[in-house]
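Novice: As input, take work-v6.txt (compact mmCIF, C-alpha atoms):
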# COMPACT_ATOMS: atom_id res chain seq x y z
CA MET A 161 -20.23 54.94 -269.72
CA ALA A 162 -21.01 51.67 -268.08
CA GLY A 163 -21.74 50.22 -264.71
CA ASP A 164 -22.37 46.94 -263.01
CA GLY A 165 -24.01 45.27 -260.05
CA ASN A 166 -22.72 42.20 -258.27
CA TYR A 167 -24.06 39.76 -255.70
CA GLY A 168 -22.23 37.03 -253.83
CA GLY A 169 -22.22 35.16 -250.58
CA ASN A 170 -19.82 34.62 -247.74
CA GLY A 171 -22.18 33.45 -245.06
CA SER A 172 -23.92 36.79 -245.41
CA VAL A 173 -24.79 38.47 -248.72
CA ASP A 174 -22.36 40.94 -250.26
CA MET A 175 -23.47 43.40 -252.94
CA GLU A 176 -21.52 45.95 -254.92
CA THR A 177 -22.46 48.48 -257.58
CA THR A 178 -19.86 50.21 -259.73
CA LEU A 179 -21.01 53.55 -261.08
CA PRO A 180 -19.95 55.04 -264.40
CA ASP A 181 -17.60 57.48 -262.66
CA GLY A 182 -15.77 54.60 -261.00
CA GLN A 183 -17.37 55.04 -257.60
CA VAL A 184 -18.13 51.72 -255.93
CA LEU A 185 -21.07 51.31 -253.60
CA SER A 186 -20.86 48.17 -251.54
CA GLY A 187 -22.93 46.68 -248.79
CA ARG A 188 -23.61 43.53 -246.86
CA ASP A 189 -26.73 41.92 -245.50
CA GLU A 190 -25.42 40.29 -242.33
CA THR A 191 -28.74 38.69 -241.50
CA ALA A 192 -29.02 36.61 -244.64
CA THR A 193 -27.62 33.11 -244.48
CA THR A 194 -26.44 31.94 -247.84
CA ALA A 195 -25.33 28.47 -246.86
CA GLY A 196 -27.42 26.04 -248.85
CA ASN A 197 -29.54 28.85 -250.25
CA SER A 198 -29.89 30.36 -253.68
CA PHE A 199 -30.21 33.80 -255.14
CA LEU A 200 -33.48 34.11 -257.02
CA VAL A 201 -33.09 35.99 -260.29
CA THR A 202 -36.22 37.04 -262.15
CA LEU A 203 -35.88 38.12 -265.76
CA SER A 204 -38.64 40.05 -267.51
CA TYR A 205 -39.02 40.16 -271.27
CA CYS A 206 -41.56 42.63 -272.61
CA ILE A 207 -42.48 43.31 -276.23
CA SER A 208 -44.96 46.05 -275.47
CA PRO A 209 -43.62 49.45 -274.40
CA VAL A 210 -44.68 50.39 -270.88
CA GLY A 211 -46.59 53.64 -270.80
CA VAL A 212 -45.09 54.93 -274.02
CA GLU A 213 -48.38 55.08 -275.90
CA ASP A 214 -49.91 57.07 -273.10
CA ALA A 215 -46.97 59.45 -273.00
CA ARG A 216 -47.32 60.56 -276.61
CA PRO A 217 -50.09 62.44 -278.36
CA ALA A 218 -52.44 59.91 -279.87
CA GLY A 219 -52.14 61.54 -283.25
CA ALA A 220 -48.39 61.04 -283.27
CA ILE A 221 -48.62 57.26 -283.23
CA THR A 222 -49.43 55.22 -286.30
CA GLY A 223 -50.45 51.60 -286.40
CA SER A 224 -47.61 50.65 -288.69
CA GLU A 225 -45.11 52.42 -286.44
CA LEU A 226 -46.23 50.37 -283.47
CA ARG A 227 -46.26 47.15 -285.44
CA GLU A 228 -42.71 47.70 -286.69
CA ALA A 229 -41.43 48.58 -283.24
CA LYS A 230 -43.05 45.52 -281.71
CA ARG A 231 -41.79 43.26 -284.48
CA ALA A 232 -38.23 44.45 -283.93
CA ARG A 233 -38.58 44.01 -280.19
CA ALA A 234 -40.01 40.52 -280.62
CA MET A 235 -37.05 39.50 -282.77
CA GLN A 236 -34.60 40.90 -280.21
CA ILE A 237 -36.29 38.99 -277.40
CA GLN A 238 -36.46 35.75 -279.34
CA SER A 239 -32.76 36.03 -280.11
CA ALA A 240 -32.02 36.67 -276.44
CA LEU A 241 -34.05 33.66 -275.33
CA GLU A 242 -32.34 31.43 -277.90
CA SER A 243 -29.04 32.55 -276.40
CA VAL A 244 -30.26 31.69 -272.89
CA ILE A 245 -31.36 28.22 -273.98
CA ASN A 246 -28.19 27.46 -275.94
CA GLN A 247 -25.88 28.63 -273.16
CA ALA A 248 -27.70 26.59 -270.54
CA ILE A 249 -27.50 23.49 -272.74
CA LYS A 250 -23.77 24.08 -273.27
CA ALA A 251 -23.25 24.56 -269.54
CA LYS A 252 -24.97 21.26 -268.84
CA ASN A 253 -22.78 19.51 -271.40
CA ASP A 254 -19.63 21.15 -270.00
CA LEU A 255 -20.48 19.93 -266.49
CA ASP A 256 -21.09 16.42 -267.74
CA ALA A 257 -17.75 16.46 -269.53
CA ALA A 258 -15.94 17.78 -266.46
CA VAL A 259 -17.42 15.04 -264.29
CA ALA A 260 -16.24 12.45 -266.78
CA ASP A 261 -12.68 13.84 -266.63
CA PRO A 262 -10.73 11.90 -263.97
CA ASP A 263 -8.42 14.91 -263.51
CA GLY A 264 -11.29 17.32 -263.11
CA GLY A 265 -11.11 19.62 -260.11
CA LEU A 266 -13.42 22.43 -259.17
CA LEU A 267 -16.56 22.38 -261.24
CA PHE A 268 -18.18 25.60 -262.28
CA VAL A 269 -19.91 27.08 -265.29
CA THR A 270 -20.78 30.66 -266.20
CA LEU A 271 -23.57 31.92 -268.41
CA LYS A 272 -23.63 35.38 -269.98
CA LEU A 273 -27.25 36.12 -270.71
CA PRO A 274 -28.55 39.07 -272.75
CA VAL A 275 -31.59 40.77 -271.22
CA PRO A 276 -33.20 43.35 -273.52
CA MET A 277 -34.25 46.66 -272.06
CA VAL A 278 -37.93 47.46 -271.71
CA THR A 279 -39.11 50.64 -273.42
CA ARG A 280 -40.73 52.88 -270.80
CA ALA A 281 -42.13 56.36 -270.56
CA ASP A 282 -41.27 56.67 -266.87
CA ASN A 283 -38.84 55.28 -264.33
CA PRO A 284 -39.22 51.58 -263.58
CA THR A 285 -41.62 50.94 -260.72
CA GLY A 286 -41.34 47.20 -260.29
CA LEU A 287 -44.07 44.67 -259.78
CA PRO A 288 -46.90 44.21 -260.29
CA ARG A 289 -47.37 46.35 -263.42
CA ASP A 290 -43.83 47.21 -264.44
CA PRO A 291 -41.31 44.54 -263.46
CA TRP A 292 -37.64 45.46 -263.62
CA GLU A 293 -35.73 43.74 -266.42
CA ILE A 294 -33.54 42.04 -263.81
CA ASN A 295 -34.45 41.40 -260.19
CA VAL A 296 -32.06 39.65 -257.78
CA HIS A 297 -33.67 38.49 -254.56
CA TRP A 298 -32.45 36.72 -251.46
CA ASP A 299 -34.11 35.67 -248.21
CA MET B 112 -34.34 39.78 -243.45
CA ALA B 113 -34.25 39.74 -247.20
CA GLY B 114 -33.06 41.96 -249.97
CA ASP B 115 -33.10 42.53 -253.68
CA GLY B 116 -31.34 44.33 -256.49
CA ASN B 117 -33.09 45.67 -259.56
CA TYR B 118 -32.04 46.98 -262.95
CA GLY B 119 -34.15 48.64 -265.61
CA GLY B 120 -34.20 51.33 -268.24
CA ASN B 121 -36.30 54.22 -269.40
CA GLY B 122 -33.96 56.12 -271.63
CA SER B 123 -31.29 55.95 -268.95
CA ILE B 124 -30.37 53.08 -266.61
CA HIS B 125 -31.97 52.78 -263.20
CA TRP B 126 -30.78 50.51 -260.43
CA GLN B 127 -31.91 49.92 -256.88
CA ASN B 128 -30.67 47.77 -254.00
CA LYS B 129 -32.73 47.00 -250.93
CA SER B 130 -31.55 45.23 -247.83
CA GLY B 131 -33.95 45.32 -244.96
CA ALA B 132 -34.99 48.94 -244.48
CA ALA B 133 -31.95 50.31 -246.33
CA THR B 134 -32.29 51.28 -249.98
CA SER B 135 -29.69 52.62 -252.35
CA LYS B 136 -30.68 53.63 -255.83
CA GLY B 137 -29.33 55.62 -258.69
CA LYS B 138 -29.41 56.47 -262.35
CA ASP B 139 -26.80 56.28 -265.07
CA ALA B 140 -27.57 58.77 -267.83
CA THR B 141 -26.19 56.43 -270.45
CA ALA B 142 -28.82 55.92 -273.14
CA VAL B 143 -30.31 52.51 -272.56
CA THR B 144 -30.45 51.87 -276.28
CA SER B 145 -26.65 52.13 -276.44
CA ILE B 146 -25.82 49.56 -273.75
CA GLY B 147 -24.51 46.13 -274.63
CA GLY B 148 -22.69 47.36 -277.71
CA ASN B 149 -25.72 49.32 -278.92
CA THR B 150 -27.94 46.26 -278.65
CA GLY B 151 -30.00 47.62 -275.77
CA ASN B 152 -29.24 44.47 -273.79
CA PHE B 153 -28.16 44.21 -270.18
CA GLN B 154 -25.64 41.42 -269.75
CA LEU B 155 -26.31 39.12 -266.83
CA THR B 156 -23.54 36.72 -265.84
CA LEU B 157 -24.49 33.78 -263.64
CA ARG B 158 -21.93 31.54 -262.02
CA TYR B 159 -22.83 28.05 -260.89
CA SER B 160 -20.20 26.35 -258.76
CA THR B 161 -19.89 23.22 -256.69
CA LEU B 162 -18.35 25.54 -254.07
CA SER B 163 -21.99 26.30 -253.29
CA ASN B 164 -22.15 22.80 -251.82
CA LYS B 165 -24.54 21.84 -254.59
CA SER B 166 -23.68 18.66 -256.45
CA VAL B 167 -23.23 18.54 -260.20
CA PRO B 168 -26.60 16.78 -260.60
CA ASP B 169 -28.20 19.56 -258.50
CA ILE B 170 -26.68 22.23 -260.76
CA VAL B 171 -27.63 20.33 -263.90
CA ALA B 172 -31.22 20.20 -262.63
CA LEU B 173 -31.20 23.97 -262.09
CA LEU B 174 -29.86 24.50 -265.60
CA GLN B 175 -32.61 22.25 -266.96
CA ASP B 176 -35.17 24.37 -265.11
CA LEU B 177 -33.68 27.41 -266.83
CA ILE B 178 -33.83 25.74 -270.23
CA ASP B 179 -37.46 24.75 -269.69
CA ALA B 180 -38.49 28.23 -268.53
CA ALA B 181 -36.72 30.03 -271.37
CA THR B 182 -38.15 27.58 -273.90
CA THR B 183 -41.68 28.14 -272.64
CA ALA B 184 -41.20 31.92 -272.81
CA ARG B 185 -39.78 31.71 -276.33
CA ASP B 186 -42.61 29.48 -277.51
CA ASN B 187 -45.24 31.77 -275.99
CA PHE B 188 -43.74 34.71 -277.86
CA ASN B 189 -43.46 32.71 -281.08
CA ASN B 190 -47.04 31.47 -281.09
CA GLY B 191 -48.39 34.88 -280.18
CA THR B 192 -50.00 33.87 -276.90
CA SER B 193 -47.94 36.37 -274.90
CA THR B 194 -46.19 39.72 -275.21
CA ASP B 195 -44.70 39.72 -271.71
CA GLU B 196 -42.90 36.86 -270.03
CA GLN B 197 -41.05 36.46 -266.74
CA PHE B 198 -39.17 33.53 -265.34
CA LEU B 199 -37.16 32.81 -262.24
CA ILE B 200 -33.65 31.40 -262.10
CA GLN B 201 -32.07 29.87 -258.99
CA VAL B 202 -28.35 30.52 -258.55
CA PRO B 203 -26.84 28.72 -255.54
CA ALA B 204 -24.98 31.06 -253.17
CA ILE B 205 -21.36 30.28 -252.33
CA PRO B 206 -20.75 30.27 -248.57
CA ARG B 207 -17.26 31.79 -248.72
CA PRO B 208 -15.13 32.34 -245.63
CA THR B 209 -14.27 35.83 -246.97
CA PRO B 210 -16.07 38.39 -249.12
CA PRO B 211 -16.21 37.75 -252.86
CA PRO B 212 -13.14 38.70 -254.92
CA ALA B 213 -12.42 42.31 -255.82
CA SER B 214 -12.88 41.69 -259.50
CA PRO B 215 -16.58 41.43 -260.21
CA THR B 216 -15.96 39.16 -263.14
CA ALA B 217 -13.80 36.76 -261.15
CA GLY B 218 -16.39 34.84 -259.29
CA TRP B 219 -19.41 36.65 -257.98
CA GLU B 220 -22.47 34.47 -258.35
CA ILE B 221 -24.36 37.24 -260.17
CA HIS B 222 -22.92 40.07 -262.23
CA VAL B 223 -25.07 42.61 -264.09
CA ASN B 224 -23.33 44.77 -266.66
CA TRP B 225 -24.53 47.57 -268.90
Step by step, read the file and then write its structure as structure tokens.
Specialist:
Amino acid sequence: MAGDGNYGGNGSVDMETTLPDGQVLSGRDETATTAGNSFLVTLSYCISPVGVEDARPAGAITGSELREAKRARAMQIQSALESVINQAIKAKNDLDAAVADPDGGLLFVTLKLPVPMVTRADNPTGLPRDPWEINVHWD
Amino acid sequence: MAGDGNYGGNGSIHWQNKSGAATSKGKDATAVTSIGGNTGNFQLTLRYSTLSNKSVPDIVALLQDLIDAATTARDNFNNGTSTDEQFLIQVPAIPRPTPPPASPTAGWEIHVNW
């Protein structure tokens, strides 16, 4: 199964979430004014599991087990951040090239960024102790 | 008024949208380790467009901010000074005359997929 969440502006802010069963939940914040404003997206990358150690019997966790898990997570995050950096650099170069093209029209770029999940014992609670992997905010 | 949307995992996928006093939230029982082609990655698509009334230099500056923030986070992980990093990305909103297109991949400023 899969799902998605979407955010866009048309004077107000439109949001839409597609659930795995195909149901679409949509809404609009009529009070927000998007003209000239930006969505603020906060990404959280976390090597350490949140609450997992506490959720397991102490005797069931070994030092080497934790080290291996954290090493694998660190490599996943580093790969993700390299992808973020490389895509942003490419997007900058693509925009520069489009500007230099005398036939260039609408200018846009898209970035597809991987954001690794955070290992948790419980449901996400948000800031300050357990930030969501992805937070989209607007004023 | 303000709002936010949030995505996270703890075995399954949790999401939550807030707008003013209204909140919608839910859970997808899909194993979070299996998302993103079994990579455990959410995929976040950001769209930067001059339709936002931002100029190309403005957008390039925002992309440079993103590069700088991601580079700092990567370096902090690499040199062992941090195990948790957060950074903020600005994505200019498009002031459309009509709601965004039906297809979520066809032009929403922000698309989160799992």
Novice: Here is a test: counting all atoms listed in the file, which residue of A:Leu241, A:Thr177, A:Gln247, A:Ser204 is nearest to Gly286 (chain A)?
Specialist: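 Checking each candidate against Gly286 (chain A), we get A:Ser204 as the closest.
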Novice: Would you compute the distance between CA of Lys138 (chain B) and CA of Thr156 (chain B)? Give it in Å to one decimal.
Specialist: 20.9 Å
Novice: Suppose you want the space between CA of Arg233 (chain A) and CA of His222 (chain B); what is it in Å?
Specialist: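 Result for CA of Arg233 (chain A) versus CA of His222 (chain B): 24.2 Å, one decimal.
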Novice: One number please: CA of Pro206 (chain B) to CA of Asp299 (chain A), in Å, one decimal.
Specialist: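 These atoms are spaced 14.4 Å apart.
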Novice: Could you check which of A:Ser172, A:Thr270, A:Gln238, A:Asn166 is closest to Asn187 (chain B), using all atoms listed in the file?
Specialist: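 Counting all atoms listed in the file, the residue closest to Asn187 (chain B) is A:Gln238.
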Novice: Excluding same-chain residues fewer than 3 positions from Ile124 (chain B), what lies within 7 Å of it counting all atoms listed in the file, as a ChimeraX atom specification?
Specialist: /B:119-121,138-141,143
Novice: Which residue is closest to chain A? Choose from B:Gly191, B:Gly148, B:Arg158, B:Thr183 and count all atoms listed in the file.
Specialist: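 Among B:Gly191, B:Gly148, B:Arg158, B:Thr183, it is B:Arg158 that comes nearest to chain A.
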Novice: Can you rebuild region 173-208 of chain A with N, CA and C atoms and give it as a PDB file, in the coordinates of the input?
Specialist:
ATOM      1  N   VAL A 173     -24.713  38.101-247.304  1.00  0.00           N
ATOM      2  CA  VAL A 173     -24.790  38.470-248.720  1.00  0.00           C
ATOM      3  C   VAL A 173     -24.025  39.766-248.950  1.00  0.00           C
ATOM      4  N   ASP A 174     -23.109  39.739-249.885  1.00  0.00           N
ATOM      5  CA  ASP A 174     -22.360  40.940-250.260  1.00  0.00           C
ATOM      6  C   ASP A 174     -22.900  41.465-251.585  1.00  0.00           C
ATOM      7  N   MET A 175     -23.023  42.797-251.685  1.00  0.00           N
ATOM      8  CA  MET A 175     -23.470  43.400-252.940  1.00  0.00           C
ATOM      9  C   MET A 175     -22.569  44.578-253.252  1.00  0.00           C
ATOM     10  N   GLU A 176     -22.435  44.883-254.507  1.00  0.00           N
ATOM     11  CA  GLU A 176     -21.520  45.950-254.920  1.00  0.00           C
ATOM     12  C   GLU A 176     -22.019  46.516-256.240  1.00  0.00           C
ATOM     13  N   THR A 177     -22.071  47.830-256.337  1.00  0.00           N
ATOM     14  CA  THR A 177     -22.460  48.480-257.580  1.00  0.00           C
ATOM     15  C   THR A 177     -21.369  49.450-257.983  1.00  0.00           C
ATOM     16  N   THR A 178     -20.872  49.301-259.198  1.00  0.00           N
ATOM     17  CA  THR A 178     -19.860  50.210-259.730  1.00  0.00           C
ATOM     18  C   THR A 178     -20.544  51.222-260.629  1.00  0.00           C
ATOM     19  N   LEU A 179     -20.368  52.496-260.310  1.00  0.00           N
ATOM     20  CA  LEU A 179     -21.010  53.550-261.080  1.00  0.00           C
ATOM     21  C   LEU A 179     -20.127  53.961-262.251  1.00  0.00           C
ATOM     22  N   PRO A 180     -20.720  54.651-263.210  1.00  0.00           N
ATOM     23  CA  PRO A 180     -19.950  55.040-264.400  1.00  0.00           C
ATOM     24  C   PRO A 180     -18.724  55.883-264.082  1.00  0.00           C
ATOM     25  N   ASP A 181     -18.759  56.645-262.983  1.00  0.00           N
ATOM     26  CA  ASP A 181     -17.600  57.480-262.660  1.00  0.00           C
ATOM     27  C   ASP A 181     -16.546  56.715-261.870  1.00  0.00           C
ATOM     28  N   GLY A 182     -16.742  55.422-261.709  1.00  0.00           N
ATOM     29  CA  GLY A 182     -15.770  54.600-261.000  1.00  0.00           C
ATOM     30  C   GLY A 182     -16.068  54.413-259.535  1.00  0.00           C
ATOM     31  N   GLN A 183     -17.002  55.186-259.003  1.00  0.00           N
ATOM     32  CA  GLN A 183     -17.370  55.040-257.600  1.00  0.00           C
ATOM     33  C   GLN A 183     -17.979  53.661-257.358  1.00  0.00           C
ATOM     34  N   VAL A 184     -17.614  53.045-256.259  1.00  0.00           N
ATOM     35  CA  VAL A 184     -18.130  51.720-255.930  1.00  0.00           C
ATOM     36  C   VAL A 184     -18.969  51.804-254.662  1.00  0.00           C
ATOM     37  N   LEU A 185     -20.182  51.378-254.751  1.00  0.00           N
ATOM     38  CA  LEU A 185     -21.070  51.310-253.600  1.00  0.00           C
ATOM     39  C   LEU A 185     -21.181  49.852-253.195  1.00  0.00           C
ATOM     40  N   SER A 186     -20.803  49.561-251.963  1.00  0.00           N
ATOM     41  CA  SER A 186     -20.860  48.170-251.540  1.00  0.00           C
ATOM     42  C   SER A 186     -21.640  48.059-250.239  1.00  0.00           C
ATOM     43  N   GLY A 187     -22.164  46.897-250.003  1.00  0.00           N
ATOM     44  CA  GLY A 187     -22.930  46.680-248.790  1.00  0.00           C
ATOM     45  C   GLY A 187     -23.007  45.206-248.471  1.00  0.00           C
ATOM     46  N   ARG A 188     -23.514  44.926-247.295  1.00  0.00           N
ATOM     47  CA  ARG A 188     -23.610  43.530-246.860  1.00  0.00           C
ATOM     48  C   ARG A 188     -24.867  43.360-246.035  1.00  0.00           C
ATOM     49  N   ASP A 189     -25.582  42.295-246.317  1.00  0.00           N
ATOM     50  CA  ASP A 189     -26.730  41.920-245.500  1.00  0.00           C
ATOM     51  C   ASP A 189     -26.254  40.833-244.544  1.00  0.00           C
ATOM     52  N   GLU A 190     -25.995  41.231-243.302  1.00  0.00           N
ATOM     53  CA  GLU A 190     -25.420  40.290-242.330  1.00  0.00           C
ATOM     54  C   GLU A 190     -26.444  39.265-241.856  1.00  0.00           C
ATOM     55  N   THR A 191     -27.709  39.575-242.059  1.00  0.00           N
ATOM     56  CA  THR A 191     -28.740  38.690-241.500  1.00  0.00           C
ATOM     57  C   THR A 191     -29.087  37.544-242.442  1.00  0.00           C
ATOM     58  N   ALA A 192     -28.705  37.684-243.696  1.00  0.00           N
ATOM     59  CA  ALA A 192     -29.020  36.610-244.640  1.00  0.00           C
ATOM     60  C   ALA A 192     -28.017  35.478-244.469  1.00  0.00           C
ATOM     61  N   THR A 193     -28.490  34.282-244.570  1.00  0.00           N
ATOM     62  CA  THR A 193     -27.620  33.110-244.480  1.00  0.00           C
ATOM     63  C   THR A 193     -27.616  32.428-245.833  1.00  0.00           C
ATOM     64  N   THR A 194     -26.472  32.457-246.470  1.00  0.00           N
ATOM     65  CA  THR A 194     -26.440  31.940-247.840  1.00  0.00           C
ATOM     66  C   THR A 194     -26.168  30.445-247.889  1.00  0.00           C
ATOM     67  N   ALA A 195     -25.685  29.881-246.802  1.00  0.00           N
ATOM     68  CA  ALA A 195     -25.330  28.470-246.860  1.00  0.00           C
ATOM     69  C   ALA A 195     -26.521  27.626-247.276  1.00  0.00           C
ATOM     70  N   GLY A 196     -26.355  26.917-248.368  1.00  0.00           N
ATOM     71  CA  GLY A 196     -27.420  26.040-248.850  1.00  0.00           C
ATOM     72  C   GLY A 196     -28.550  26.755-249.537  1.00  0.00           C
ATOM     73  N   ASN A 197     -28.461  28.089-249.625  1.00  0.00           N
ATOM     74  CA  ASN A 197     -29.540  28.850-250.250  1.00  0.00           C
ATOM     75  C   ASN A 197     -29.146  29.320-251.637  1.00  0.00           C
ATOM     76  N   SER A 198     -30.127  29.868-252.333  1.00  0.00           N
ATOM     77  CA  SER A 198     -29.890  30.360-253.680  1.00  0.00           C
ATOM     78  C   SER A 198     -30.345  31.800-253.796  1.00  0.00           C
ATOM     79  N   PHE A 199     -29.667  32.546-254.672  1.00  0.00           N
ATOM     80  CA  PHE A 199     -30.210  33.800-255.140  1.00  0.00           C
ATOM     81  C   PHE A 199     -31.342  33.481-256.115  1.00  0.00           C
ATOM     82  N   LEU A 200     -32.368  34.288-256.082  1.00  0.00           N
ATOM     83  CA  LEU A 200     -33.480  34.110-257.020  1.00  0.00           C
ATOM     84  C   LEU A 200     -33.446  35.277-258.005  1.00  0.00           C
ATOM     85  N   VAL A 201     -33.209  34.963-259.249  1.00  0.00           N
ATOM     86  CA  VAL A 201     -33.090  35.990-260.290  1.00  0.00           C
ATOM     87  C   VAL A 201     -34.322  35.911-261.182  1.00  0.00           C
ATOM     88  N   THR A 202     -35.055  37.012-261.268  1.00  0.00           N
ATOM     89  CA  THR A 202     -36.220  37.040-262.150  1.00  0.00           C
ATOM     90  C   THR A 202     -35.911  37.932-263.344  1.00  0.00           C
ATOM     91  N   LEU A 203     -36.083  37.374-264.519  1.00  0.00           N
ATOM     92  CA  LEU A 203     -35.880  38.120-265.760  1.00  0.00           C
ATOM     93  C   LEU A 203     -37.232  38.427-266.382  1.00  0.00           C
ATOM     94  N   SER A 204     -37.392  39.645-266.865  1.00  0.00           N
ATOM     95  CA  SER A 204     -38.640  40.050-267.510  1.00  0.00           C
ATOM     96  C   SER A 204     -38.349  40.433-268.957  1.00  0.00           C
ATOM     97  N   TYR A 205     -39.133  39.879-269.842  1.00  0.00           N
ATOM     98  CA  TYR A 205     -39.020  40.160-271.270  1.00  0.00           C
ATOM     99  C   TYR A 205     -40.352  40.750-271.720  1.00  0.00           C
ATOM    100  N   CYS A 206     -40.316  41.912-272.312  1.00  0.00           N
ATOM    101  CA  CYS A 206     -41.560  42.630-272.610  1.00  0.00           C
ATOM    102  C   CYS A 206     -41.502  43.212-274.012  1.00  0.00           C
ATOM    103  N   ILE A 207     -42.420  42.766-274.867  1.00  0.00           N
ATOM    104  CA  ILE A 207     -42.480  43.310-276.230  1.00  0.00           C
ATOM    105  C   ILE A 207     -43.134  44.670-276.228  1.00  0.00           C
ATOM    106  N   SER A 208     -44.188  44.809-275.444  1.00  0.00           N
ATOM    107  CA  SER A 208     -44.960  46.050-275.470  1.00  0.00           C
ATOM    108  C   SER A 208     -44.266  47.137-274.666  1.00  0.00           C
TER     109      SER A 208
END
